[in-house]
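Okay, model-v5.csv is below, CSV, C-alpha atoms and all ligand atoms:
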chain,number,residue,atom,x,y,z
V,1,MET,CA,10.7,33.4,5.0
V,2,ARG,CA,9.1,30.5,3.3
V,3,SER,CA,6.0,29.1,5.0
V,4,ASP,CA,7.5,25.6,5.2
V,5,GLN,CA,10.5,27.0,7.1
V,6,ARG,CA,8.1,28.7,9.5
V,7,CYS,CA,6.5,25.4,10.4
V,8,GLY,CA,9.9,23.7,10.5
V,9,LEU,CA,8.6,20.5,9.1
V,10,ILE,CA,10.4,20.2,5.9
V,11,VAL,CA,13.8,18.6,6.3
V,12,ALA,CA,16.4,18.0,3.6
V,13,ALA,CA,16.5,14.2,3.2
V,14,ASP,CA,20.1,13.5,4.3
V,15,GLU,CA,21.2,10.4,6.1
V,16,LYS,CA,20.5,11.9,9.6
V,17,ALA,CA,17.1,13.1,8.6
V,18,ILE,CA,16.2,9.7,7.2
V,19,ALA,CA,17.3,7.9,10.4
V,20,ARG,CA,15.1,10.4,12.4
V,21,ALA,CA,12.2,9.7,10.1
V,22,ALA,CA,12.5,6.0,10.6
V,23,ARG,CA,12.5,6.5,14.4
V,24,LEU,CA,9.4,8.7,14.1
V,25,LEU,CA,7.7,5.9,12.1
V,26,ARG,CA,8.6,3.4,14.8
V,27,ASP,CA,7.0,5.8,17.4
V,28,GLY,CA,3.7,5.6,15.5
V,29,GLN,CA,4.1,9.1,13.9
V,30,LEU,CA,3.3,10.2,10.4
V,31,VAL,CA,6.2,11.0,8.0
V,32,ALA,CA,5.8,12.3,4.5
V,33,PHE,CA,8.4,11.2,2.0
V,34,PRO,CA,9.1,11.4,-1.7
V,35,THR,CA,8.6,8.5,-4.0
V,36,GLU,CA,9.2,8.5,-7.8
V,37,THR,CA,5.4,9.0,-8.4
V,38,VAL,CA,4.1,11.4,-5.8
V,39,TYR,CA,4.9,12.2,-2.1
V,40,GLY,CA,3.4,9.7,0.3
V,41,LEU,CA,2.0,10.0,3.8
V,42,GLY,CA,3.7,7.2,5.6
V,43,ALA,CA,2.9,5.2,8.8
V,44,ASP,CA,4.0,2.0,10.3
V,45,ALA,CA,1.7,-0.5,8.7
V,46,GLU,CA,1.8,-2.8,11.7
V,47,ASN,CA,0.6,-0.1,14.0
V,48,GLY,CA,-3.2,0.3,13.7
V,49,ARG,CA,-3.4,3.6,15.5
V,50,ALA,CA,-0.6,5.0,13.3
V,51,VAL,CA,-2.5,3.9,10.2
V,52,ALA,CA,-5.8,5.4,11.6
V,53,ARG,CA,-3.9,8.8,11.9
V,54,ILE,CA,-3.3,8.7,8.1
V,55,PHE,CA,-7.1,8.7,7.5
V,56,GLU,CA,-7.5,11.4,10.1
V,57,ALA,CA,-4.8,13.6,8.6
V,58,LYS,CA,-6.2,13.2,5.1
V,59,GLY,CA,-9.7,13.9,6.2
V,60,ARG,CA,-10.8,11.0,4.1
V,61,PRO,CA,-14.5,10.3,4.7
V,62,ARG,CA,-14.0,6.6,4.0
V,63,PHE,CA,-11.5,3.8,4.6
V,64,ASN,CA,-9.9,2.9,1.2
V,65,PRO,CA,-7.3,0.2,1.4
V,66,LEU,CA,-3.7,1.6,1.3
V,67,ILE,CA,-0.6,0.7,-0.6
V,68,LEU,CA,2.3,-0.9,1.5
V,69,HIS,CA,5.7,0.3,0.6
V,70,VAL,CA,8.6,-2.2,1.2
V,71,ALA,CA,12.3,-2.2,0.6
V,72,SER,CA,12.6,-5.4,-1.3
V,73,VAL,CA,10.9,-8.3,-3.1
V,74,ALA,CA,11.9,-10.5,-0.2
V,75,LEU,CA,10.0,-8.4,2.3
V,76,ALA,CA,7.0,-8.2,0.0
V,77,ALA,CA,7.0,-12.0,-0.2
V,78,ARG,CA,6.7,-12.2,3.6
V,79,ILE,CA,3.6,-9.9,3.6
V,80,GLY,CA,1.8,-11.1,0.4
V,81,GLU,CA,1.7,-14.3,-1.5
V,82,LEU,CA,3.6,-13.8,-4.7
V,83,SER,CA,2.6,-16.2,-7.4
V,84,PRO,CA,5.1,-17.0,-10.2
V,85,LEU,CA,3.4,-14.4,-12.3
V,86,SER,CA,3.5,-11.7,-9.6
V,87,ARG,CA,7.2,-12.5,-9.2
V,88,ARG,CA,7.8,-12.1,-12.8
V,89,LEU,CA,6.3,-8.6,-12.7
V,90,ALA,CA,8.1,-7.7,-9.4
V,91,GLU,CA,11.4,-8.8,-10.8
V,92,ARG,CA,11.0,-6.8,-14.0
V,93,PHE,CA,9.4,-3.6,-12.6
V,94,TRP,CA,10.5,-3.3,-9.0
V,95,PRO,CA,11.8,-0.9,-7.7
V,96,GLY,CA,9.4,1.2,-9.7
V,97,PRO,CA,5.9,2.6,-10.2
V,98,LEU,CA,4.0,-0.7,-10.1
V,99,THR,CA,1.7,-1.8,-7.3
V,100,LEU,CA,0.7,-5.4,-7.1
V,101,VAL,CA,-2.5,-6.5,-5.3
V,102,VAL,CA,-1.9,-10.1,-4.1
V,103,PRO,CA,-3.4,-12.4,-1.4
V,104,ARG,CA,-2.4,-11.4,2.0
V,105,ALA,CA,0.1,-13.8,3.7
V,106,PRO,CA,-1.8,-15.5,6.6
V,107,ARG,CA,0.6,-14.5,9.4
V,108,SER,CA,1.4,-11.0,8.4
V,109,ALA,CA,1.2,-8.5,11.2
V,110,VAL,CA,-0.1,-5.7,9.0
V,111,SER,CA,-3.1,-3.8,10.5
V,112,ASP,CA,-6.5,-4.7,9.1
V,113,LEU,CA,-7.1,-1.0,8.6
V,114,VAL,CA,-4.4,-1.0,5.9
V,115,THR,CA,-6.3,-3.5,3.8
V,116,ALA,CA,-9.8,-2.3,4.9
V,117,GLY,CA,-10.4,-5.8,6.1
V,118,LEU,CA,-9.7,-7.4,2.7
V,119,ASP,CA,-7.7,-10.7,2.2
V,120,THR,CA,-5.6,-9.0,-0.4
V,121,ILE,CA,-2.8,-6.5,0.0
V,122,ALA,CA,-1.4,-3.8,-2.3
V,123,LEU,CA,2.5,-3.8,-2.4
V,124,ARG,CA,5.1,-1.8,-4.1
V,125,VAL,CA,8.9,-1.2,-3.9
V,126,PRO,CA,9.5,2.4,-4.8
V,127,SER,CA,12.6,3.4,-6.7
V,128,HIS,CA,13.1,6.9,-5.3
V,129,PRO,CA,16.4,6.9,-3.4
V,130,VAL,CA,14.9,8.7,-0.4
V,131,ALA,CA,12.0,6.3,-0.2
V,132,ALA,CA,14.3,3.4,-0.6
V,133,ALA,CA,16.7,4.6,2.2
V,134,LEU,CA,13.8,5.3,4.5
V,135,LEU,CA,12.3,1.8,4.0
V,136,GLU,CA,15.7,0.3,4.5
V,137,ALA,CA,16.2,2.2,7.7
V,138,PHE,CA,12.7,1.4,9.0
V,139,ALA,CA,13.0,-2.3,8.0
V,140,GLY,CA,9.3,-2.9,7.8
V,141,PRO,CA,6.2,-2.1,5.7
V,142,VAL,CA,5.1,1.5,5.5
V,143,ALA,CA,1.5,2.3,4.5
V,144,ALA,CA,1.3,5.4,2.4
V,145,PRO,CA,-1.4,7.1,0.4
V,146,SER,CA,-0.6,10.2,-1.5
V,147,ALA,CA,0.2,13.0,1.0
V,148,ASN,CA,-2.7,15.3,0.3
V,149,ARG,CA,-6.0,16.2,1.9
V,150,SER,CA,-8.8,14.0,0.6
V,151,GLY,CA,-10.1,15.5,-2.7
V,152,HIS,CA,-7.0,17.6,-3.3
V,153,VAL,CA,-4.4,16.8,-6.0
V,154,SER,CA,-1.4,14.6,-5.3
V,155,PRO,CA,1.7,16.4,-4.1
V,156,THR,CA,4.8,16.4,-6.2
V,157,ARG,CA,7.0,18.6,-4.0
V,158,ALA,CA,7.6,18.9,-0.2
V,159,GLU,CA,6.0,22.3,-0.1
V,160,HIS,CA,2.7,20.9,-1.5
V,161,VAL,CA,2.6,18.5,1.5
V,162,ALA,CA,3.3,21.3,4.0
V,163,ALA,CA,0.5,23.4,2.5
V,164,ASP,CA,-2.0,20.5,2.7
V,165,LEU,CA,-1.0,18.6,5.8
V,166,GLY,CA,1.3,21.0,7.7
V,167,GLY,CA,-0.1,20.5,11.1
V,168,LYS,CA,-0.7,16.8,10.8
V,169,VAL,CA,2.7,15.2,10.1
V,170,ALA,CA,5.7,14.9,12.3
V,171,MET,CA,8.2,15.4,9.4
V,172,ILE,CA,8.3,16.0,5.7
V,173,LEU,CA,11.4,14.5,4.1
V,174,ASP,CA,12.4,16.8,1.2
V,175,GLY,CA,13.8,15.0,-1.8
V,176,GLY,CA,13.0,17.8,-4.3
V,177,PRO,CA,10.3,17.6,-7.0
V,178,VAL,CA,9.3,14.0,-7.9
V,179,THR,CA,10.2,12.8,-11.4
V,180,ILE,CA,6.9,11.2,-12.5
V,181,GLY,CA,4.1,13.1,-10.8
V,182,LEU,CA,1.5,10.4,-11.5
V,183,GLU,CA,0.5,7.5,-9.2
V,184,SER,CA,1.7,4.0,-9.6
V,185,THR,CA,-0.2,1.6,-11.9
V,186,ILE,CA,-2.1,-1.0,-9.8
V,187,VAL,CA,-2.5,-4.6,-11.1
V,188,GLU,CA,-4.4,-7.3,-9.2
V,189,LEU,CA,-3.0,-10.8,-9.3
V,190,SER,CA,-5.2,-12.5,-6.7
V,191,GLY,CA,-7.3,-14.7,-8.9
V,192,GLY,CA,-7.6,-15.6,-12.5
V,193,THR,CA,-6.8,-13.0,-15.1
V,194,PRO,CA,-4.6,-10.2,-14.0
V,195,ARG,CA,-6.6,-7.0,-13.8
V,196,LEU,CA,-5.7,-3.4,-14.2
V,197,LEU,CA,-7.2,-1.7,-11.1
V,198,ARG,CA,-5.7,1.8,-11.7
V,199,PRO,CA,-3.9,3.1,-14.8
V,200,GLY,CA,-0.8,5.0,-13.7
V,201,ALA,CA,2.9,5.7,-14.3
V,202,LEU,CA,3.8,2.3,-15.8
V,203,PRO,CA,2.0,1.9,-19.1
V,204,ARG,CA,-0.2,-1.2,-19.4
V,205,THR,CA,1.4,-2.3,-22.6
V,206,GLU,CA,4.7,-2.8,-20.8
V,207,ILE,CA,3.0,-5.0,-18.2
V,208,GLU,CA,1.2,-6.9,-20.9
V,209,SER,CA,4.4,-7.6,-22.8
V,210,VAL,CA,5.9,-9.2,-19.7
V,211,LEU,CA,2.7,-11.1,-18.9
V,212,GLY,CA,2.2,-12.2,-22.5
V,213,THR,CA,-1.6,-11.5,-22.1
V,214,ARG,CA,-3.9,-8.6,-22.0
V,215,LEU,CA,-4.8,-7.1,-18.6
V,216,ALA,CA,-8.5,-7.3,-17.9
V,217,ALA,CA,-10.4,-4.0,-18.0
V,218,PRO,CA,-10.1,-1.4,-15.2
V,219,VAL,CA,-12.6,-1.3,-12.4
V,220,SER,CA,-13.3,1.9,-10.8
V,221,ILE,CA,-12.0,1.3,-7.4
V,222,GLU,CA,-11.8,5.0,-6.6
V,223,THR,CA,-15.6,5.2,-6.8
V,224,ASP,CA,-16.1,1.7,-5.6
V,225,ARG,CA,-18.2,0.9,-8.6
V,226,PRO,CA,-17.6,-2.3,-10.4
V,227,VAL,CA,-17.8,-1.6,-14.1
V,228,ALA,CA,-19.0,-5.1,-15.0
V,229,PRO,CA,-21.5,-7.3,-13.1
V,230,GLY,CA,-19.9,-10.0,-11.1
V,231,MET,CA,-16.8,-7.9,-10.2
V,232,LEU,CA,-16.4,-7.7,-6.5
V,233,GLU,CA,-16.4,-4.5,-4.7
V,234,SER,CA,-13.0,-3.9,-3.1
V,235,HIS,CA,-14.4,-4.1,0.4
V,236,TYR,CA,-14.8,-6.7,3.1
V,237,ALA,CA,-18.4,-7.4,3.8
V,238,PRO,CA,-19.4,-9.2,7.0
V,239,ARG,CA,-21.8,-12.1,6.7
V,240,ALA,CA,-23.9,-11.1,9.7
V,241,ALA,CA,-26.6,-8.4,9.4
V,242,ILE,CA,-25.8,-5.1,11.0
V,243,ARG,CA,-28.1,-2.9,13.1
V,244,LEU,CA,-26.8,0.6,13.6
V,245,ASN,CA,-27.2,3.0,16.5
V,246,GLN,CA,-28.3,0.5,19.1
V,247,ARG,CA,-27.9,1.1,22.8
V,248,THR,CA,-28.3,-2.6,23.6
V,249,ALA,CA,-28.2,-5.8,21.7
V,250,ARG,CA,-31.1,-8.3,21.6
V,251,PRO,CA,-30.6,-11.8,22.9
V,252,GLY,CA,-28.4,-13.8,20.5
V,253,GLU,CA,-26.9,-10.7,18.9
V,254,ALA,CA,-23.3,-9.7,19.0
V,255,LEU,CA,-22.5,-6.2,20.2
V,256,LEU,CA,-20.0,-3.8,18.6
V,257,ALA,CA,-19.5,-1.4,21.5
V,258,PHE,CA,-18.1,2.2,21.6
V,259,GLY,CA,-17.6,3.8,25.0
V,260,ALA,CA,-19.3,2.4,28.1
V,261,PRO,CA,-21.1,-0.8,27.1
V,262,PRO,CA,-24.6,-1.5,28.4
V,263,ALA,CA,-24.8,-3.5,31.6
V,264,GLY,CA,-25.8,-7.2,31.4
V,265,HIS,CA,-24.9,-7.9,27.7
V,266,GLN,CA,-24.6,-11.7,27.4
V,267,GLY,CA,-23.4,-12.5,23.8
V,268,PRO,CA,-20.2,-11.8,21.9
V,269,ILE,CA,-18.9,-8.3,22.4
V,270,PHE,CA,-16.0,-6.2,21.0
V,271,ASN,CA,-15.4,-2.7,22.3
V,272,LEU,CA,-13.9,-0.5,19.7
V,273,SER,CA,-12.8,1.9,22.3
V,274,PRO,CA,-13.9,1.9,26.0
V,275,GLU,CA,-12.7,5.5,26.3
V,276,GLY,CA,-14.5,6.6,23.3
V,277,ASP,CA,-11.3,7.4,21.3
V,278,LEU,CA,-12.1,7.5,17.5
V,279,ILE,CA,-8.4,6.8,16.5
V,280,GLU,CA,-8.4,3.6,18.6
V,281,ALA,CA,-11.9,2.7,17.3
V,282,ALA,CA,-10.7,3.1,13.7
V,283,ALA,CA,-7.7,1.0,14.4
V,284,ASN,CA,-9.9,-1.8,15.8
V,285,LEU,CA,-12.8,-1.6,13.3
V,286,PHE,CA,-12.0,-4.3,10.8
V,287,ALA,CA,-10.6,-6.8,13.3
V,288,ALA,CA,-13.7,-6.3,15.4
V,289,LEU,CA,-16.1,-6.9,12.4
V,290,ARG,CA,-14.2,-10.1,11.6
V,291,LYS,CA,-14.2,-11.3,15.1
V,292,LEU,CA,-17.9,-10.7,15.7
V,293,ASP,CA,-18.7,-12.2,12.3
V,294,ALA,CA,-16.7,-15.3,13.2
V,295,SER,CA,-18.7,-15.7,16.5
V,296,GLY,CA,-21.6,-16.9,14.4
V,297,ALA,CA,-24.1,-14.4,15.7
V,298,PRO,CA,-26.6,-13.6,12.9
V,299,VAL,CA,-26.7,-10.0,13.8
V,300,ILE,CA,-24.2,-7.4,15.0
V,301,ALA,CA,-25.7,-4.5,16.9
V,302,VAL,CA,-23.6,-1.4,16.8
V,303,MET,CA,-23.6,1.3,19.4
V,304,PRO,CA,-23.8,4.9,18.2
V,305,ILE,CA,-20.5,6.4,17.0
V,306,PRO,CA,-20.2,10.2,16.8
V,307,GLU,CA,-20.1,11.6,13.2
V,308,GLU,CA,-17.0,13.7,13.8
V,309,GLY,CA,-13.3,13.2,12.8
V,310,LEU,CA,-12.7,9.6,12.0
V,311,GLY,CA,-16.3,8.8,13.1
V,312,GLU,CA,-17.4,9.8,9.6
V,313,ALA,CA,-15.3,7.1,8.0
V,314,ILE,CA,-16.2,4.5,10.6
V,315,ASN,CA,-19.9,5.2,10.2
V,316,ASP,CA,-19.5,5.2,6.4
V,317,ARG,CA,-18.0,1.7,6.6
V,318,LEU,CA,-20.7,0.5,9.0
V,319,ARG,CA,-23.5,1.9,6.9
V,320,ARG,CA,-22.2,0.1,3.9
V,321,ALA,CA,-22.0,-3.1,5.9
V,322,ALA,CA,-25.6,-2.6,7.0
V,323,ALA,CA,-26.9,-1.9,3.5
V,324,PRO,CA,-28.6,-4.6,1.5
V,325,ARG,CA,-26.1,-6.8,-0.4
V,326,HIS,CA,-25.9,-6.7,-4.1
V,327,PRO,CA,-25.9,-9.1,-5.8
V,328,PRO,CA,-28.2,-10.9,-3.3
V,329,LEU,CA,-26.6,-14.0,-1.7
V,330,ALA,CA,-27.8,-17.3,-3.2
V,331,PRO,CA,-30.5,-18.9,-1.2
S,1,LIG,O1,2.1,6.1,-6.6
S,1,LIG,C1,1.4,5.7,-5.6
S,1,LIG,O2,0.9,4.6,-5.7
S,1,LIG,C2,1.3,6.5,-4.4
S,1,LIG,C3,2.6,6.7,-3.7
S,1,LIG,C4,2.6,7.4,-2.4
S,1,LIG,O3,3.2,5.4,-3.6
S,1,LIG,N1,0.3,6.0,-3.5
S,1,LIG,C5,-1.0,6.0,-3.7
S,1,LIG,O4,-1.8,5.5,-2.7
S,1,LIG,O5,-1.5,6.4,-4.7
S,1,LIG,P1,-3.4,5.7,-2.5
S,1,LIG,O6,-3.7,5.3,-1.1
S,1,LIG,O7,-3.7,7.2,-2.8
S,1,LIG,O8,-4.0,4.8,-3.5
S,1,LIG,C6,-4.2,3.4,-3.2
S,1,LIG,C7,-5.1,2.7,-4.1
S,1,LIG,C8,-6.5,3.0,-3.8
S,1,LIG,O9,-7.2,3.3,-5.0
S,1,LIG,C9,-7.0,1.6,-3.2
S,1,LIG,O10,-8.3,1.4,-3.4
S,1,LIG,C10,-6.1,0.7,-3.9
S,1,LIG,O11,-4.9,1.3,-4.0
S,1,LIG,N2,-5.9,-0.6,-3.1
S,1,LIG,C11,-5.1,-0.7,-2.1
S,1,LIG,N3,-5.2,-2.0,-1.6
S,1,LIG,C12,-6.0,-2.6,-2.4
S,1,LIG,C13,-6.6,-4.0,-2.4
S,1,LIG,N4,-6.2,-4.9,-1.5
S,1,LIG,N5,-7.5,-4.3,-3.3
S,1,LIG,C14,-7.8,-3.4,-4.3
S,1,LIG,N6,-7.4,-2.1,-4.3
S,1,LIG,C15,-6.5,-1.7,-3.4
S,2,MG,MG,-4.4,9.6,-3.7

Could you express the structure from this file as structure tokens?
Ligand code: TXA
Ligand code: MG
Amino acid sequence: MRSDQRCGLIVAADEKAIARAARLLRDGQLVAFPTETVYGLGADAENGRAVARIFEAKGRPRFNPLILHVASVALAARIGELSPLSRRLAERFWPGPLTLVVPRAPRSAVSDLVTAGLDTIALRVPSHPVAAALLEAFAGPVAAPSANRSGHVSPTRAEHVAADLGGKVAMILDGGPVTIGLESTIVELSGGTPRLLRPGALPRTEIESVLGTRLAAPVSIETDRPVAPGMLESHYAPRAAIRLNQRTARPGEALLAFGAPPAGHQGPIFNLSPEGDLIEAAANLFAALRKLDASGAPVIAVMPIPEEGLGEAINDRLRRAAAPRHPPLAP
């Protein structure tokens, strides 16, 4: 007996299975599915808790923004702002292994956890027939990183997903081995010159020939390190200073609470999870930072958050928000 049959998770991707997978996504569950590049670990992008489960399942110690998978250019255009240049690339290469990072549409319902709080959003329309059918049936955006544990190689067959994430997904749609086996190429079109953020399955020269210009040099988004000065880190940074591990806030400070808040707090407050649930806390994190930042408080005091499960990624994010900014803000 094959191990994947033992866990009963791998299901041949026929019409019935795809309909069931779409229902599981609607219920906030995780579904792994084939794309033409690698297998993805999908969740309803508009459900913050479902998205938090992706990070929990992958054991990722930090929150990287995720790629949104959609069925059509029309749906992509409701979630992100497609400039004429973005549209030209979308029309030429979608469906296919190209991801476009574009400004987020102001009224999109996508969870802040998908974008790690950024104002930009990564979109792609996959060409794999199973991915396309699932997105069509689900009829909304699906956030999906590669379906492997953090630090492991990307899965190219359903069995790889079962071996890595067996106990963590509701279903693995089996569409056979993927054809490309290399992640999508990521191009950012949110500002001036289009930039190559990640080389991938679609050669840069093909993109450049459609654009009629060279793509700016890659930035290491995987390591978070800009390769040239002045290039922004791909993370949202609050304006307020952050004080970690505080049981109470000082007068004038905002409080980012977790669990039972201290009695008598007067200023702005956001409780990540009154019950102390780390999945709920992760789902709320970026919206909470934005809200408290917008309150105008100069400092956000943060209550202690346990360094376990998703707490590791939450604390990583908060520690980086608390660290001195570079380059320093102009006086
Ligand atoms: O082929 C693929 O792209 C696969 C399949 C499943 O579609 N997905 C994939 O997702 O590789 P993931 O989560 O492993 O990689 C997403 C990459 C990360 O490097 C992330 O930093 C970048 O996309 N990214 C997502 N949103 C971004 C944004 N708003 N700005 C900059 N980078 C972004
Ligand atoms: Mg990956």

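Nearest to His160 (chain V) of all the residues V:Ala77, V:Val178, V:Leu244, V:Val51 is V:Val178, based on all atoms listed in the file.
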
Could you pull out every residue with an atom within 10 Å of (9.0, 17.4, 0.6), file coordinates, counting only C-alpha atoms, and send them as an NGL selection string?
:V and (4 or 9-13 or 32-34 or 39-40 or 147 or 155-162 or 171-178)

Could those selected residues go to a file with C-alpha atoms, as a short mmCIF file (atom, residue, chain, number, x, y, z; two decimals), in the frame of the given file?
data_model
loop_
_atom_site.label_atom_id
_atom_site.label_comp_id
_atom_site.auth_asym_id
_atom_site.auth_seq_id
_atom_site.Cartn_x
_atom_site.Cartn_y
_atom_site.Cartn_z
CA ASP V 4 7.50 25.60 5.20
CA LEU V 9 8.60 20.50 9.10
CA ILE V 10 10.40 20.20 5.90
CA VAL V 11 13.80 18.60 6.30
CA ALA V 12 16.40 18.00 3.60
CA ALA V 13 16.50 14.20 3.20
CA ALA V 32 5.80 12.30 4.50
CA PHE V 33 8.40 11.20 2.00
CA PRO V 34 9.10 11.40 -1.70
CA TYR V 39 4.90 12.20 -2.10
CA GLY V 40 3.40 9.70 0.30
CA ALA V 147 0.20 13.00 1.00
CA PRO V 155 1.70 16.40 -4.10
CA THR V 156 4.80 16.40 -6.20
CA ARG V 157 7.00 18.60 -4.00
CA ALA V 158 7.60 18.90 -0.20
CA GLU V 159 6.00 22.30 -0.10
CA HIS V 160 2.70 20.90 -1.50
CA VAL V 161 2.60 18.50 1.50
CA ALA V 162 3.30 21.30 4.00
CA MET V 171 8.20 15.40 9.40
CA ILE V 172 8.30 16.00 5.70
CA LEU V 173 11.40 14.50 4.10
CA ASP V 174 12.40 16.80 1.20
CA GLY V 175 13.80 15.00 -1.80
CA GLY V 176 13.00 17.80 -4.30
CA PRO V 177 10.30 17.60 -7.00
CA VAL V 178 9.30 14.00 -7.90
#

Please, which residues in chain V fall within 9 Å of ligand MG 2 (chain S) when counting all atoms listed in the file, and what is the closest atom pair and distance in Å to one decimal for each, ordered by chain then residue number, as JSON lines?
{"residue": "V:Val38", "atom": "CA", "partner": "S:MG2", "partner_atom": "MG", "distance": 8.9}
{"residue": "V:Gly40", "atom": "CA", "partner": "S:MG2", "partner_atom": "MG", "distance": 8.8}
{"residue": "V:Pro145", "atom": "CA", "partner": "S:MG2", "partner_atom": "MG", "distance": 5.7}
{"residue": "V:Ser146", "atom": "CA", "partner": "S:MG2", "partner_atom": "MG", "distance": 4.4}
{"residue": "V:Ala147", "atom": "CA", "partner": "S:MG2", "partner_atom": "MG", "distance": 7.4}
{"residue": "V:Asn148", "atom": "CA", "partner": "S:MG2", "partner_atom": "MG", "distance": 7.2}
{"residue": "V:Arg149", "atom": "CA", "partner": "S:MG2", "partner_atom": "MG", "distance": 8.8}
{"residue": "V:Ser150", "atom": "CA", "partner": "S:MG2", "partner_atom": "MG", "distance": 7.6}
{"residue": "V:Gly151", "atom": "CA", "partner": "S:MG2", "partner_atom": "MG", "distance": 8.3}
{"residue": "V:His152", "atom": "CA", "partner": "S:MG2", "partner_atom": "MG", "distance": 8.4}
{"residue": "V:Val153", "atom": "CA", "partner": "S:MG2", "partner_atom": "MG", "distance": 7.6}
{"residue": "V:Ser154", "atom": "CA", "partner": "S:MG2", "partner_atom": "MG", "distance": 6.0}
{"residue": "V:Glu183", "atom": "CA", "partner": "S:MG2", "partner_atom": "MG", "distance": 7.7}

Closest contacts (chain V/ligand LIG 1 (chain S), max 7 Å, only C-alpha atoms and all ligand atoms) as a Markdown table:
| residue | atom | partner | partner_atom | distance |
| --- | --- | --- | --- | --- |
| V:Thr35 | CA | S:LIG1 | O3 | 6.2 |
| V:Thr37 | CA | S:LIG1 | O1 | 4.7 |
| V:Val38 | CA | S:LIG1 | C3 | 5.4 |
| V:Tyr39 | CA | S:LIG1 | C4 | 5.3 |
| V:Gly40 | CA | S:LIG1 | C4 | 3.6 |
| V:Leu41 | CA | S:LIG1 | C4 | 6.7 |
| V:Asn64 | CA | S:LIG1 | O10 | 5.1 |
| V:Pro65 | CA | S:LIG1 | C11 | 4.2 |
| V:Leu66 | CA | S:LIG1 | C11 | 4.3 |
| V:Ile67 | CA | S:LIG1 | C11 | 4.9 |
| V:Pro97 | CA | S:LIG1 | O1 | 6.3 |
| V:Thr99 | CA | S:LIG1 | O2 | 6.6 |
| V:Val101 | CA | S:LIG1 | N4 | 5.5 |
| V:Thr115 | CA | S:LIG1 | N4 | 5.5 |
| V:Leu118 | CA | S:LIG1 | N4 | 6.0 |
| V:Thr120 | CA | S:LIG1 | N4 | 4.3 |
| V:Ile121 | CA | S:LIG1 | N4 | 4.0 |
| V:Ala122 | CA | S:LIG1 | N3 | 4.3 |
| V:Ala144 | CA | S:LIG1 | C4 | 5.4 |
| V:Pro145 | CA | S:LIG1 | O6 | 3.3 |
| V:Ser146 | CA | S:LIG1 | C4 | 4.3 |
| V:Ala147 | CA | S:LIG1 | C4 | 7.0 |
| V:Leu182 | CA | S:LIG1 | O1 | 6.5 |
| V:Glu183 | CA | S:LIG1 | O1 | 3.4 |
| V:Ser184 | CA | S:LIG1 | O1 | 3.7 |
| V:Thr185 | CA | S:LIG1 | O2 | 7.0 |
| V:Ile186 | CA | S:LIG1 | O11 | 6.8 |
| V:Leu197 | CA | S:LIG1 | N6 | 6.8 |
| V:Ile221 | CA | S:LIG1 | O10 | 5.4 |
| V:Glu222 | CA | S:LIG1 | O9 | 5.2 |
| V:Ser234 | CA | S:LIG1 | C14 | 5.4 |

Could you tell me how far CA of Arg319 (chain V) sits from CA of Val142 (chain V), in Å to one decimal place?
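Here the two named atoms are 28.6 Å from each other.
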
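Residues with any atom within 12 Å of the point (8.6, -10.7, -15.1), counting all atoms listed in the file, are Leu82, Ser83, Pro84, Leu85, Ser86, Arg87, Arg88, Leu89, Ala90, Glu91, Arg92, Phe93, Trp94, Glu206, Ile207, Glu208, Ser209, Val210, Leu211 and Gly212 of chain V.
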